[in-house]
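File shown: final21.pdb (PDB, C-alpha atoms).
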```pdb
ATOM      1  CA  MET A   8      29.604  37.957  32.207  1.00  0.00           C
ATOM      2  CA  PHE A   9      27.853  37.064  28.986  1.00  0.00           C
ATOM      3  CA  ARG A  10      28.326  33.906  26.977  1.00  0.00           C
ATOM      4  CA  ASN A  11      28.605  34.226  23.166  1.00  0.00           C
ATOM      5  CA  THR A  12      27.414  37.842  23.169  1.00  0.00           C
ATOM      6  CA  THR A  13      28.823  40.805  21.264  1.00  0.00           C
ATOM      7  CA  LEU A  14      29.644  44.105  22.906  1.00  0.00           C
ATOM      8  CA  LEU A  15      26.485  45.687  21.481  1.00  0.00           C
ATOM      9  CA  GLY A  16      24.392  42.738  22.665  1.00  0.00           C
ATOM     10  CA  SER A  17      25.906  43.014  26.172  1.00  0.00           C
ATOM     11  CA  PHE A  18      25.171  46.730  26.225  1.00  0.00           C
ATOM     12  CA  LEU A  19      21.544  46.141  25.225  1.00  0.00           C
ATOM     13  CA  LEU A  20      21.134  43.461  27.911  1.00  0.00           C
ATOM     14  CA  VAL A  21      22.538  45.798  30.594  1.00  0.00           C
ATOM     15  CA  LEU A  22      20.364  48.668  29.326  1.00  0.00           C
ATOM     16  CA  GLY A  23      17.346  46.366  29.439  1.00  0.00           C
ATOM     17  CA  SER A  24      18.143  45.379  33.028  1.00  0.00           C
ATOM     18  CA  ILE A  25      18.202  49.055  34.037  1.00  0.00           C
ATOM     19  CA  LEU A  26      14.714  49.326  32.560  1.00  0.00           C
ATOM     20  CA  THR A  27      13.670  46.288  34.662  1.00  0.00           C
ATOM     21  CA  GLN A  28      13.924  43.703  31.858  1.00  0.00           C
ATOM     22  CA  GLY A  29      15.327  40.220  32.472  1.00  0.00           C
ATOM     23  CA  MET A  30      18.879  39.140  31.545  1.00  0.00           C
ATOM     24  CA  ARG A  31      19.925  35.892  29.877  1.00  0.00           C
ATOM     25  CA  ASN A  32      23.149  34.181  28.820  1.00  0.00           C
ATOM     26  CA  VAL A  33      24.907  34.655  32.162  1.00  0.00           C
ATOM     27  CA  LYS A  34      27.690  32.151  32.983  1.00  0.00           C
ATOM     28  CA  ASP A  35      27.255  30.119  36.124  1.00  0.00           C
ATOM     29  CA  THR A  36      30.674  30.607  37.747  1.00  0.00           C
ATOM     30  CA  PRO A  37      30.562  31.674  41.421  1.00  0.00           C
ATOM     31  CA  TRP A  38      32.358  35.040  41.128  1.00  0.00           C
ATOM     32  CA  ARG A  39      30.255  35.998  38.129  1.00  0.00           C
ATOM     33  CA  ARG A  40      27.095  35.148  40.071  1.00  0.00           C
ATOM     34  CA  VAL A  41      28.213  37.549  42.831  1.00  0.00           C
ATOM     35  CA  LEU A  42      28.948  40.234  40.258  1.00  0.00           C
ATOM     36  CA  PHE A  43      25.646  39.575  38.555  1.00  0.00           C
ATOM     37  CA  GLY A  44      23.799  39.693  41.908  1.00  0.00           C
ATOM     38  CA  LEU A  45      25.336  43.078  42.724  1.00  0.00           C
ATOM     39  CA  TRP A  46      24.381  44.335  39.298  1.00  0.00           C
ATOM     40  CA  LEU A  47      20.788  43.139  39.688  1.00  0.00           C
ATOM     41  CA  THR A  48      20.557  44.794  43.102  1.00  0.00           C
ATOM     42  CA  ILE A  49      21.750  48.102  41.675  1.00  0.00           C
ATOM     43  CA  ALA A  50      19.466  47.719  38.648  1.00  0.00           C
ATOM     44  CA  ALA A  51      16.464  47.117  40.938  1.00  0.00           C
ATOM     45  CA  VAL A  52      17.207  49.876  43.466  1.00  0.00           C
ATOM     46  CA  MET A  53      18.150  52.689  41.057  1.00  0.00           C
ATOM     47  CA  PRO A  54      14.833  52.844  39.136  1.00  0.00           C
ATOM     48  CA  PHE A  55      12.967  52.654  42.457  1.00  0.00           C
ATOM     49  CA  LEU A  56      14.940  55.625  43.844  1.00  0.00           C
ATOM     50  CA  TYR A  57      14.490  57.545  40.598  1.00  0.00           C
ATOM     51  CA  ASN A  58      10.721  56.947  40.582  1.00  0.00           C
ATOM     52  CA  THR A  59      10.457  57.918  44.253  1.00  0.00           C
ATOM     53  CA  CYS A  60      12.393  61.163  43.782  1.00  0.00           C
ATOM     54  CA  PHE A  61      10.498  62.011  40.611  1.00  0.00           C
ATOM     55  CA  LEU A  62       7.109  61.427  42.248  1.00  0.00           C
ATOM     56  CA  SER A  63       8.060  63.425  45.323  1.00  0.00           C
ATOM     57  CA  PHE A  64       9.126  66.277  43.027  1.00  0.00           C
ATOM     58  CA  LEU A  65       5.769  66.121  41.237  1.00  0.00           C
ATOM     59  CA  THR A  66       3.758  66.092  44.464  1.00  0.00           C
ATOM     60  CA  MET A  67       5.732  68.952  46.085  1.00  0.00           C
ATOM     61  CA  PRO A  68       3.738  72.190  46.271  1.00  0.00           C
ATOM     62  CA  GLU A  69       4.998  74.949  44.015  1.00  0.00           C
ATOM     63  CA  LYS A  70       7.100  77.566  45.770  1.00  0.00           C
ATOM     64  CA  MET A  71       5.217  80.779  46.207  1.00  0.00           C
ATOM     65  CA  HIS A  72       6.412  83.888  44.428  1.00  0.00           C
ATOM     66  CA  ILE A  73       7.855  86.407  46.884  1.00  0.00           C
ATOM     67  CA  PRO A  74       6.857  90.004  46.128  1.00  0.00           C
ATOM     68  CA  LYS A  75       9.914  92.174  45.557  1.00  0.00           C
ATOM     69  CA  THR A  76       8.248  95.578  45.140  1.00  0.00           C
ATOM     70  CA  PHE A  77       5.285  97.383  46.661  1.00  0.00           C
ATOM     71  CA  LYS A  78       3.372  96.911  43.396  1.00  0.00           C
ATOM     72  CA  GLU A  79       3.831  93.108  43.557  1.00  0.00           C
ATOM     73  CA  LEU A  80       2.976  93.137  47.282  1.00  0.00           C
ATOM     74  CA  SER A  81      -0.193  95.120  46.632  1.00  0.00           C
ATOM     75  CA  ASP A  82      -1.244  92.708  43.866  1.00  0.00           C
ATOM     76  CA  ALA A  83      -0.557  89.690  46.104  1.00  0.00           C
ATOM     77  CA  VAL A  84      -2.540  91.202  49.011  1.00  0.00           C
ATOM     78  CA  LEU A  85      -5.476  92.110  46.752  1.00  0.00           C
ATOM     79  CA  ASP A  86      -5.473  88.546  45.336  1.00  0.00           C
ATOM     80  CA  GLY A  87      -5.642  87.154  48.889  1.00  0.00           C
ATOM     81  CA  LYS A  88      -2.260  85.401  48.653  1.00  0.00           C
ATOM     82  CA  TYR A  89      -0.512  87.590  51.225  1.00  0.00           C
ATOM     83  CA  LYS A  90      -1.242  89.444  54.437  1.00  0.00           C
ATOM     84  CA  CYS A  91       0.621  92.702  55.143  1.00  0.00           C
ATOM     85  CA  LEU A  92       1.186  94.018  58.668  1.00  0.00           C
ATOM     86  CA  VAL A  93       2.082  97.577  59.701  1.00  0.00           C
ATOM     87  CA  PRO A  94       3.246  98.730  63.148  1.00  0.00           C
ATOM     88  CA  LYS A  95       0.628 100.236  65.480  1.00  0.00           C
ATOM     89  CA  GLU A  96       3.200 102.728  66.752  1.00  0.00           C
ATOM     90  CA  SER A  97       3.928 104.227  63.320  1.00  0.00           C
ATOM     91  CA  ILE A  98       2.038 106.142  60.660  1.00  0.00           C
ATOM     92  CA  ASP A  99       2.968 103.722  57.843  1.00  0.00           C
ATOM     93  CA  GLY A 100      -0.665 102.776  57.198  1.00  0.00           C
ATOM     94  CA  ASP A 101      -1.668 106.445  56.952  1.00  0.00           C
ATOM     95  CA  LEU A 102       1.252 107.169  54.631  1.00  0.00           C
ATOM     96  CA  LEU A 103       0.080 104.396  52.302  1.00  0.00           C
ATOM     97  CA  LEU A 104      -3.428 105.863  52.209  1.00  0.00           C
ATOM     98  CA  GLU A 105      -2.181 109.401  51.557  1.00  0.00           C
ATOM     99  CA  SER A 106       0.485 108.445  49.010  1.00  0.00           C
ATOM    100  CA  GLY A 107      -1.635 109.202  45.939  1.00  0.00           C
ATOM    101  CA  ILE A 108      -0.301 106.080  44.196  1.00  0.00           C
ATOM    102  CA  ASP A 109      -3.179 103.780  43.259  1.00  0.00           C
ATOM    103  CA  TYR A 110      -1.685 100.426  44.291  1.00  0.00           C
ATOM    104  CA  LEU A 111      -0.321 101.832  47.581  1.00  0.00           C
ATOM    105  CA  VAL A 112      -3.714 103.336  48.435  1.00  0.00           C
ATOM    106  CA  LYS A 113      -5.402  99.967  47.753  1.00  0.00           C
ATOM    107  CA  LEU A 114      -2.804  98.236  49.933  1.00  0.00           C
ATOM    108  CA  GLY A 115      -3.421 100.765  52.731  1.00  0.00           C
ATOM    109  CA  GLU A 116      -7.197 100.325  52.467  1.00  0.00           C
ATOM    110  CA  THR A 117      -6.892  96.544  52.686  1.00  0.00           C
ATOM    111  CA  ILE A 118      -4.612  96.819  55.734  1.00  0.00           C
ATOM    112  CA  GLN A 119      -7.021  99.255  57.408  1.00  0.00           C
ATOM    113  CA  LYS A 120     -10.112  97.157  56.604  1.00  0.00           C
ATOM    114  CA  ASN A 121      -8.580  93.936  58.013  1.00  0.00           C
ATOM    115  CA  HIS A 122      -6.877  95.637  61.011  1.00  0.00           C
ATOM    116  CA  TRP A 123      -3.510  94.137  60.079  1.00  0.00           C
ATOM    117  CA  LYS A 124      -1.371  95.803  62.719  1.00  0.00           C
ATOM    118  CA  TYR A 125       1.249  94.586  65.136  1.00  0.00           C
ATOM    119  CA  SER A 126       3.071  96.079  68.067  1.00  0.00           C
ATOM    120  CA  TYR A 127       6.840  96.369  68.433  1.00  0.00           C
ATOM    121  CA  ALA A 128       6.372  94.696  71.823  1.00  0.00           C
ATOM    122  CA  GLU A 129       5.255  91.462  70.073  1.00  0.00           C
ATOM    123  CA  LYS A 130       7.827  88.938  68.912  1.00  0.00           C
ATOM    124  CA  LEU A 131       8.168  89.489  65.193  1.00  0.00           C
ATOM    125  CA  GLU A 132       9.203  85.889  64.442  1.00  0.00           C
ATOM    126  CA  HIS A 133       5.826  84.641  65.764  1.00  0.00           C
ATOM    127  CA  LEU A 134       3.939  86.904  63.364  1.00  0.00           C
ATOM    128  CA  LEU A 135       5.801  85.857  60.230  1.00  0.00           C
ATOM    129  CA  ASP A 136       4.877  82.890  58.093  1.00  0.00           C
ATOM    130  CA  ASP A 137       5.151  82.076  54.377  1.00  0.00           C
ATOM    131  CA  THR A 138       2.311  84.419  53.400  1.00  0.00           C
ATOM    132  CA  THR A 139       2.863  87.387  55.719  1.00  0.00           C
ATOM    133  CA  ALA A 140       4.720  90.568  54.831  1.00  0.00           C
ATOM    134  CA  VAL A 141       5.695  93.208  57.369  1.00  0.00           C
ATOM    135  CA  ILE A 142       6.352  96.878  56.664  1.00  0.00           C
ATOM    136  CA  ILE A 143       9.242  97.720  58.958  1.00  0.00           C
ATOM    137  CA  PRO A 144      12.431  99.786  58.708  1.00  0.00           C
ATOM    138  CA  ARG A 145      15.361  97.702  57.422  1.00  0.00           C
ATOM    139  CA  VAL A 146      17.435  98.628  60.488  1.00  0.00           C
ATOM    140  CA  ALA A 147      14.659  97.451  62.831  1.00  0.00           C
ATOM    141  CA  LEU A 148      14.337  94.192  60.867  1.00  0.00           C
ATOM    142  CA  GLU A 149      18.039  93.476  61.306  1.00  0.00           C
ATOM    143  CA  LEU A 150      17.870  94.507  64.952  1.00  0.00           C
ATOM    144  CA  LEU A 151      14.910  92.220  65.742  1.00  0.00           C
ATOM    145  CA  LEU A 152      15.714  89.221  63.504  1.00  0.00           C
ATOM    146  CA  GLY A 153      19.450  89.444  62.833  1.00  0.00           C
ATOM    147  CA  SER A 154      21.693  90.300  59.916  1.00  0.00           C
ATOM    148  CA  PRO A 155      21.656  88.500  56.508  1.00  0.00           C
ATOM    149  CA  PRO A 156      23.670  85.336  57.238  1.00  0.00           C
ATOM    150  CA  TYR A 157      21.317  84.568  60.151  1.00  0.00           C
ATOM    151  CA  LEU A 158      18.197  86.175  58.690  1.00  0.00           C
ATOM    152  CA  ASN A 159      15.661  83.596  57.515  1.00  0.00           C
ATOM    153  CA  VAL A 160      13.244  86.065  55.904  1.00  0.00           C
ATOM    154  CA  LYS A 161      13.504  87.867  52.578  1.00  0.00           C
ATOM    155  CA  ALA A 162      13.883  91.644  52.804  1.00  0.00           C
ATOM    156  CA  SER A 163      12.537  93.681  49.905  1.00  0.00           C
ATOM    157  CA  GLU A 164      14.869  95.931  47.980  1.00  0.00           C
ATOM    158  CA  ASP A 165      12.035  98.454  47.554  1.00  0.00           C
ATOM    159  CA  SER A 166      11.798 101.317  50.064  1.00  0.00           C
ATOM    160  CA  SER A 167       8.812 103.428  51.017  1.00  0.00           C
ATOM    161  CA  GLY A 168      10.762 106.447  52.192  1.00  0.00           C
ATOM    162  CA  ILE A 169      14.130 107.919  52.944  1.00  0.00           C
ATOM    163  CA  TRP A 170      14.602 109.426  56.370  1.00  0.00           C
ATOM    164  CA  HIS A 171      17.272 112.046  56.904  1.00  0.00           C
ATOM    165  CA  SER A 172      19.072 112.334  60.175  1.00  0.00           C
ATOM    166  CA  GLY A 173      20.864 115.299  61.645  1.00  0.00           C
ATOM    167  CA  ILE A 174      23.040 116.362  64.511  1.00  0.00           C
ATOM    168  CA  ALA A 175      21.679 118.996  66.909  1.00  0.00           C
ATOM    169  CA  LEU A 176      24.300 121.518  67.983  1.00  0.00           C
ATOM    170  CA  LYS A 177      24.238 124.003  70.814  1.00  0.00           C
ATOM    171  CA  LYS A 178      24.000 127.632  69.731  1.00  0.00           C
ATOM    172  CA  GLY A 179      27.533 129.003  69.682  1.00  0.00           C
ATOM    173  CA  PHE A 180      29.206 125.554  69.291  1.00  0.00           C
ATOM    174  CA  CYS A 181      32.914 126.214  68.887  1.00  0.00           C
ATOM    175  CA  CYS A 182      33.817 123.550  66.310  1.00  0.00           C
ATOM    176  CA  ARG A 183      30.941 123.813  63.814  1.00  0.00           C
ATOM    177  CA  LYS A 184      33.197 124.371  60.762  1.00  0.00           C
ATOM    178  CA  ARG A 185      35.499 121.472  61.721  1.00  0.00           C
ATOM    179  CA  LEU A 186      32.511 119.150  62.298  1.00  0.00           C
ATOM    180  CA  ASN A 187      31.017 120.117  58.901  1.00  0.00           C
ATOM    181  CA  ASP A 188      34.379 119.401  57.215  1.00  0.00           C
ATOM    182  CA  VAL A 189      34.561 115.945  58.817  1.00  0.00           C
ATOM    183  CA  LEU A 190      30.927 115.119  57.917  1.00  0.00           C
ATOM    184  CA  ASN A 191      31.472 116.257  54.314  1.00  0.00           C
ATOM    185  CA  GLY A 192      34.560 114.039  54.139  1.00  0.00           C
ATOM    186  CA  ILE A 193      32.543 111.055  55.397  1.00  0.00           C
ATOM    187  CA  ILE A 194      29.735 111.702  52.905  1.00  0.00           C
ATOM    188  CA  ASN A 195      32.026 112.379  49.936  1.00  0.00           C
ATOM    189  CA  GLY A 196      34.190 109.352  50.732  1.00  0.00           C
ATOM    190  CA  GLY A 197      31.145 107.069  50.895  1.00  0.00           C
ATOM    191  CA  LEU A 198      31.921 105.836  54.429  1.00  0.00           C
ATOM    192  CA  TYR A 199      28.254 105.907  55.465  1.00  0.00           C
ATOM    193  CA  LYS A 200      27.482 103.426  52.671  1.00  0.00           C
ATOM    194  CA  LYS A 201      30.168 101.073  54.012  1.00  0.00           C
ATOM    195  CA  MET A 202      28.510 101.086  57.458  1.00  0.00           C
ATOM    196  CA  ASP A 203      25.260  99.687  55.986  1.00  0.00           C
ATOM    197  CA  GLN A 204      27.017  96.718  54.423  1.00  0.00           C
TER     198      GLN A 204
END
```

Target encoding structure tokens, full file:
Amino acid sequence: MFRNTTLLGSFLLVLGSILTQGMRNVKDTPWRRVLFGLWLTIAAVMPFLYNTCFLSFLTMPEKMHIPKTFKELSDAVLDGKYKCLVPKESIDGDLLLESGIDYLVKLGETIQKNHWKYSYAEKLEHLLDDTTAVIIPRVALELLLGSPPYLNVKASEDSSGIWHSGIALKKGFCCRKRLNDVLNGIINGGLYKKMDQ
């Protein structure tokens, strides 16, 4: 494309055109004009797209930090960055207040002062936004909003309590020993952990 120009000179001219500088020494044959026109189009569009993407990146709001533990949640609520809801039907708010842990007590006091409660009858997806956290059992969260591939909220890995479940048997149940053997096999084999996954 270039007349009487070295390889280094051609490279500098092309580099200059990328940085929106003019080119010179271009031959005037028709096919080279087409090639040169395509090159100028690319050289004009690419910096424009780069500048547009870079400016949009700079003007994008910073993603908010998502609290992963109760300590981080308590700090975010006390700073006014988050709102935390507890169910009306449960004693979660009272448990926070009676926990004896400083940051959980402060979180419970803030929830109580602002009356941040919701009912299980309400649609949970209407209550959630980018700055709202909900204290809810993990099973209920998956039941109401779906399981992880379809879940569009972040579930915390921190837990506030562990609830044990049991099986009630009739007095004089004939197969108590056999049932205990089967349950011990399930627990020792780790099958109950596989059901959660």

- Query: For Leu92 in chain A, which of A:Ser166, A:Thr117, A:Leu176, A:Phe55 is the closest residue, counting only C-alpha atoms?
  - Reply: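 Among A:Ser166, A:Thr117, A:Leu176, A:Phe55, it is A:Thr117 that comes nearest to Leu92 in chain A.
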
- Decode the PyMOL selection byres ((chain A and resi 77) around 10) for the given file into explicit residues and return them as JSON, numbers by chain. {"A": [74, 75, 76, 78, 79, 80, 81, 82, 83, 110, 111, 114, 163, 164, 165, 166, 167]}

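If you look at CA of Asp86 in chain A and CA of Leu131 in chain A, they are 24.1 Å away from each other.
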
- Counting all atoms listed in the file, figure out which residue out of A:Leu103, A:Leu45, A:Val141, A:Val146 gets nearest to Lys161 in chain A.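 Comparing A:Leu103, A:Leu45, A:Val141, A:Val146 against Lys161 in chain A, the winner is A:Val141.
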
- Task: Could you please determine the separation between CA of Leu152 in chain A and CA of Lys90 in chain A in Å, to one decimal place?
- Result: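 If I compute the distance from CA of Leu152 in chain A to CA of Lys90 in chain A, I get 19.2 Å.
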
- Task: Starting from the displayed file, determine the output of the PyMOL selection byres ((chain A and resi 95) around 10) and express the residue list as a count of residues only.
- Result: 14

- Distance CA of Gln119 in chain A-CA of Thr139 in chain A, one decimal place?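 These two atoms are separated by 15.5 Å.
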
- Task: Might you spell out which residues the PyMOL selection byres ((chain A and resi 174) around 12) would select in the displayed file, as a PyMOL selection string?
- Result: chain A and resi 171-173+175-177+183+186-187+190

- Task: Identify which of the residues A:Leu47, A:Cys91, A:Ile73, A:Ile193 lies closest to Ile143 in chain A, counting all atoms listed in the file when measuring atom-to-atom distances.
- Result: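 For Ile143 in chain A, the nearest of the given residues is A:Cys91.
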